[in-house]
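S.K.: Got a structure here, written out as structure tokens. Questions coming.
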Amino acid sequence: MSTTLLIGIGNVLYADEGIGVHFVNYIQEKYQFTHPTDQLDLLDGGTLAQGLIPILCKYDNLIVVDTVNSPGVSPGEVYSFNFDQAPPEIDWQGSAHEVEMLQTLIMMEMVGDRPNTHVVGVTPTVIEPMTLGLTKTIQAAVPTMENVLLKHLKERGFSYQQQAEVDINELIPDSYKRGNLQYA
């Protein structure tokens, strides 16, 4: 049996910076996932980065949902890539946590604890302190992120069934309350 963790990274108090957390909560509410042998867990990782190492190292596979930056790319651009083959244009600088998460993954790799890691990222529009919510540009990217994630999980043998109609904006006011591990 293989285990996969879908983790959302971000600070929900910094507008678009919270997309990883909001997105994983959205997926948790909207879908039920199954696999003949494997397990999928979902986690709001917030901004814990290195504090997540004891959890992350228990998994065979990791899917990180986060903001990513790339020079000259418009906000709302969605990326999906294996961490070991990150596109050269990806810039991990520019948010409240990305460098720390990158350092966490590199540290885990150095000691041999990093799971096979896939990243689903979106270029943010607004990273502004004390702004709870997402800009319209990032909200518009959510369906693309959703399709990319579902395609990736399907390629890994997971099937899914939509269990509810969910508006990501309705989940945002309670995002800070959800920070626990959810099993799919």
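In the structure tokens, chains take letters A, B, ... by order of appearance, with residues numbered from 1 within each chain and ligands from 1 in the order shown.
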Against region 19-37 of chain A, which residues of region 91-144 of chain A fall within 12 Å? For each one I want the closest pair of atoms and the distance in Å (one decimal), counting only C-alpha atoms, rows by chain and increasing residue number, as a Markdown table.
M.R.:
```
| residue | atom | partner | partner_atom | distance |
| --- | --- | --- | --- | --- |
| A:Ser95 | CA | A:Ile19 | CA | 11.9 |
| A:His97 | CA | A:Gly20 | CA | 11.5 |
| A:Glu98 | CA | A:Gly20 | CA | 11.3 |
| A:Val119 | CA | A:Gly20 | CA | 10.6 |
| A:Val120 | CA | A:Gly20 | CA | 8.9 |
| A:Gly121 | CA | A:Gly20 | CA | 8.1 |
| A:Val122 | CA | A:Ile19 | CA | 8.3 |
| A:Thr123 | CA | A:Ile19 | CA | 10.0 |
| A:Pro124 | CA | A:Ile19 | CA | 8.4 |
| A:Thr125 | CA | A:Ile19 | CA | 10.8 |
| A:Val126 | CA | A:Ile19 | CA | 10.9 |
| A:Ile127 | CA | A:Ile19 | CA | 10.6 |
| A:Leu132 | CA | A:Ile19 | CA | 10.5 |
| A:Gly133 | CA | A:Ile19 | CA | 8.7 |
| A:Leu134 | CA | A:Ile19 | CA | 7.2 |
| A:Thr135 | CA | A:Ile19 | CA | 10.0 |
| A:Lys136 | CA | A:Ile19 | CA | 12.0 |
| A:Thr137 | CA | A:Ile19 | CA | 11.5 |
| A:Ile138 | CA | A:Ile19 | CA | 7.8 |
| A:Gln139 | CA | A:Ile19 | CA | 8.8 |
| A:Ala140 | CA | A:Ile19 | CA | 11.7 |
| A:Ala141 | CA | A:Ile19 | CA | 10.1 |
| A:Val142 | CA | A:Phe23 | CA | 7.5 |
| A:Pro143 | CA | A:Phe23 | CA | 10.2 |
| A:Thr144 | CA | A:Phe23 | CA | 11.5 |
```
S.K.: Next, dump the selected residues to file, keeping only C-alpha atoms, as a PDB file, in the first residue's frame.
M.R.:
```
ATOM      1  CA  SER A  95       5.740  35.082  -0.325  1.00  0.00           C
ATOM      2  CA  HIS A  97       6.539  30.994   3.347  1.00  0.00           C
ATOM      3  CA  GLU A  98       7.751  29.615   0.010  1.00  0.00           C
ATOM      4  CA  VAL A 119       3.642  20.605  -6.975  1.00  0.00           C
ATOM      5  CA  VAL A 120       0.413  22.264  -8.090  1.00  0.00           C
ATOM      6  CA  GLY A 121       1.059  25.979  -7.947  1.00  0.00           C
ATOM      7  CA  VAL A 122      -0.505  29.228  -9.019  1.00  0.00           C
ATOM      8  CA  THR A 123       1.066  32.652  -9.443  1.00  0.00           C
ATOM      9  CA  PRO A 124      -0.505  34.985  -6.858  1.00  0.00           C
ATOM     10  CA  THR A 125      -1.985  38.424  -7.482  1.00  0.00           C
ATOM     11  CA  VAL A 126      -2.101  39.963  -4.024  1.00  0.00           C
ATOM     12  CA  ILE A 127      -0.028  39.083  -0.993  1.00  0.00           C
ATOM     13  CA  LEU A 132      -8.753  37.172   4.202  1.00  0.00           C
ATOM     14  CA  GLY A 133      -9.906  36.004   0.772  1.00  0.00           C
ATOM     15  CA  LEU A 134      -8.766  35.551  -2.807  1.00  0.00           C
ATOM     16  CA  THR A 135      -8.637  37.954  -5.722  1.00  0.00           C
ATOM     17  CA  LYS A 136     -10.907  37.301  -8.694  1.00  0.00           C
ATOM     18  CA  THR A 137      -7.875  36.298 -10.781  1.00  0.00           C
ATOM     19  CA  ILE A 138      -6.924  33.507  -8.377  1.00  0.00           C
ATOM     20  CA  GLN A 139     -10.559  32.473  -7.931  1.00  0.00           C
ATOM     21  CA  ALA A 140     -10.714  32.094 -11.726  1.00  0.00           C
ATOM     22  CA  ALA A 141      -7.643  29.797 -11.604  1.00  0.00           C
ATOM     23  CA  VAL A 142      -9.300  27.348  -9.178  1.00  0.00           C
ATOM     24  CA  PRO A 143     -11.068  25.268 -11.904  1.00  0.00           C
ATOM     25  CA  THR A 144      -7.749  24.866 -13.751  1.00  0.00           C
TER      26      THR A 144
END
```
S.K.: Enumerate as a PyMOL selection string all residues of region 15-179 of chain A assigned to helix (DSSP H, G or I) by DSSP on the backbone, naming them with the chain letters and numbers the document uses.
M.R.: chain A and resi 15-30+49-56+83-85+98-110+136-155+168-177
S.K.: Can you list every residue in region 1-175 of chain A that DSSP puts in strand (DSSP E or B), as a ChimeraX atom specification?
M.R.: /A:3-9,14,31-34,39-46,61-67,69,78-82,91,116-122,131,159-162
S.K.: Write a file of the selected residues as a PDB file, in the first residue's frame, keeping C-alpha atoms.
M.R.:
```pdb
ATOM      1  CA  THR A   3       0.290   6.598   0.943  1.00  0.00           C
ATOM      2  CA  THR A   4      -0.187  10.038  -0.591  1.00  0.00           C
ATOM      3  CA  LEU A   5      -0.579  13.365   1.191  1.00  0.00           C
ATOM      4  CA  LEU A   6      -2.268  16.313  -0.510  1.00  0.00           C
ATOM      5  CA  ILE A   7      -1.124  19.357   1.468  1.00  0.00           C
ATOM      6  CA  GLY A   8      -2.105  22.992   1.105  1.00  0.00           C
ATOM      7  CA  ILE A   9       0.530  25.531   2.082  1.00  0.00           C
ATOM      8  CA  TYR A  14      -2.337  37.285   3.269  1.00  0.00           C
ATOM      9  CA  TYR A  31     -14.748  15.170  -3.526  1.00  0.00           C
ATOM     10  CA  GLN A  32     -14.478  11.671  -2.151  1.00  0.00           C
ATOM     11  CA  PHE A  33     -11.408   9.775  -3.397  1.00  0.00           C
ATOM     12  CA  THR A  34     -10.874   6.025  -3.623  1.00  0.00           C
ATOM     13  CA  GLN A  39      -4.531   5.907   0.793  1.00  0.00           C
ATOM     14  CA  LEU A  40      -4.951   9.653   0.193  1.00  0.00           C
ATOM     15  CA  ASP A  41      -4.843  12.089   3.125  1.00  0.00           C
ATOM     16  CA  LEU A  42      -5.490  15.822   2.939  1.00  0.00           C
ATOM     17  CA  LEU A  43      -3.860  18.393   5.207  1.00  0.00           C
ATOM     18  CA  ASP A  44      -3.955  22.135   5.747  1.00  0.00           C
ATOM     19  CA  GLY A  45      -0.237  22.731   6.274  1.00  0.00           C
ATOM     20  CA  GLY A  46      -0.572  26.468   6.799  1.00  0.00           C
ATOM     21  CA  ASN A  61       3.995  10.586  -2.190  1.00  0.00           C
ATOM     22  CA  LEU A  62       3.383  14.258  -1.542  1.00  0.00           C
ATOM     23  CA  ILE A  63       1.302  16.738  -3.530  1.00  0.00           C
ATOM     24  CA  VAL A  64       1.990  20.334  -2.465  1.00  0.00           C
ATOM     25  CA  VAL A  65      -0.536  23.026  -3.406  1.00  0.00           C
ATOM     26  CA  ASP A  66       0.982  26.471  -3.068  1.00  0.00           C
ATOM     27  CA  THR A  67       1.714  29.783  -4.700  1.00  0.00           C
ATOM     28  CA  ASN A  69       6.271  32.847  -8.790  1.00  0.00           C
ATOM     29  CA  VAL A  78      -1.197  27.407 -12.967  1.00  0.00           C
ATOM     30  CA  TYR A  79       1.845  25.114 -12.767  1.00  0.00           C
ATOM     31  CA  SER A  80       1.961  21.352 -12.241  1.00  0.00           C
ATOM     32  CA  PHE A  81       5.346  19.638 -12.014  1.00  0.00           C
ATOM     33  CA  ASN A  82       7.419  17.005 -10.283  1.00  0.00           C
ATOM     34  CA  ASP A  91      11.013  31.409  -8.458  1.00  0.00           C
ATOM     35  CA  ASN A 116       8.103  11.690  -4.221  1.00  0.00           C
ATOM     36  CA  THR A 117       6.847  15.293  -4.512  1.00  0.00           C
ATOM     37  CA  HIS A 118       4.527  16.896  -7.037  1.00  0.00           C
ATOM     38  CA  VAL A 119       3.642  20.605  -6.975  1.00  0.00           C
ATOM     39  CA  VAL A 120       0.413  22.264  -8.090  1.00  0.00           C
ATOM     40  CA  GLY A 121       1.059  25.979  -7.947  1.00  0.00           C
ATOM     41  CA  VAL A 122      -0.505  29.228  -9.019  1.00  0.00           C
ATOM     42  CA  THR A 131      -6.648  40.315   3.886  1.00  0.00           C
ATOM     43  CA  SER A 159     -10.923   7.650  -8.698  1.00  0.00           C
ATOM     44  CA  TYR A 160     -13.154  10.361  -7.367  1.00  0.00           C
ATOM     45  CA  GLN A 161     -16.765  11.235  -6.969  1.00  0.00           C
ATOM     46  CA  GLN A 162     -18.111  14.702  -6.431  1.00  0.00           C
TER      47      GLN A 162
END
```
S.K.: Work out how far CA of Glu100 (chain A) is from CA of Glu17 (chain A), in Å to one decimal.
M.R.: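 The value is 13.9 Å.
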S.K.: Separation of CA of Gly157 (chain A) and CA of Asp38 (chain A), in Å?
M.R.: 8.5 Å
S.K.: By how many Å are CA of Gln85 (chain A) and CA of Ile168 (chain A) apart?
M.R.: 29.8 Å
S.K.: So which one's closest to Ile55 (chain A), A:Phe158, A:Pro115, A:Ser74, A:Pro129? Using only C-alpha atoms, please.
M.R.: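 Distance minimum relative to Ile55 (chain A) lands on A:Pro115.
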S.K.: From the list A:Asn147, A:Ser2, A:Gln163, A:Ser175, which residue is nearest Asp60 (chain A) when using only C-alpha atoms?
M.R.: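 The shortest atom-to-atom distance to Asp60 (chain A) comes from A:Ser2.
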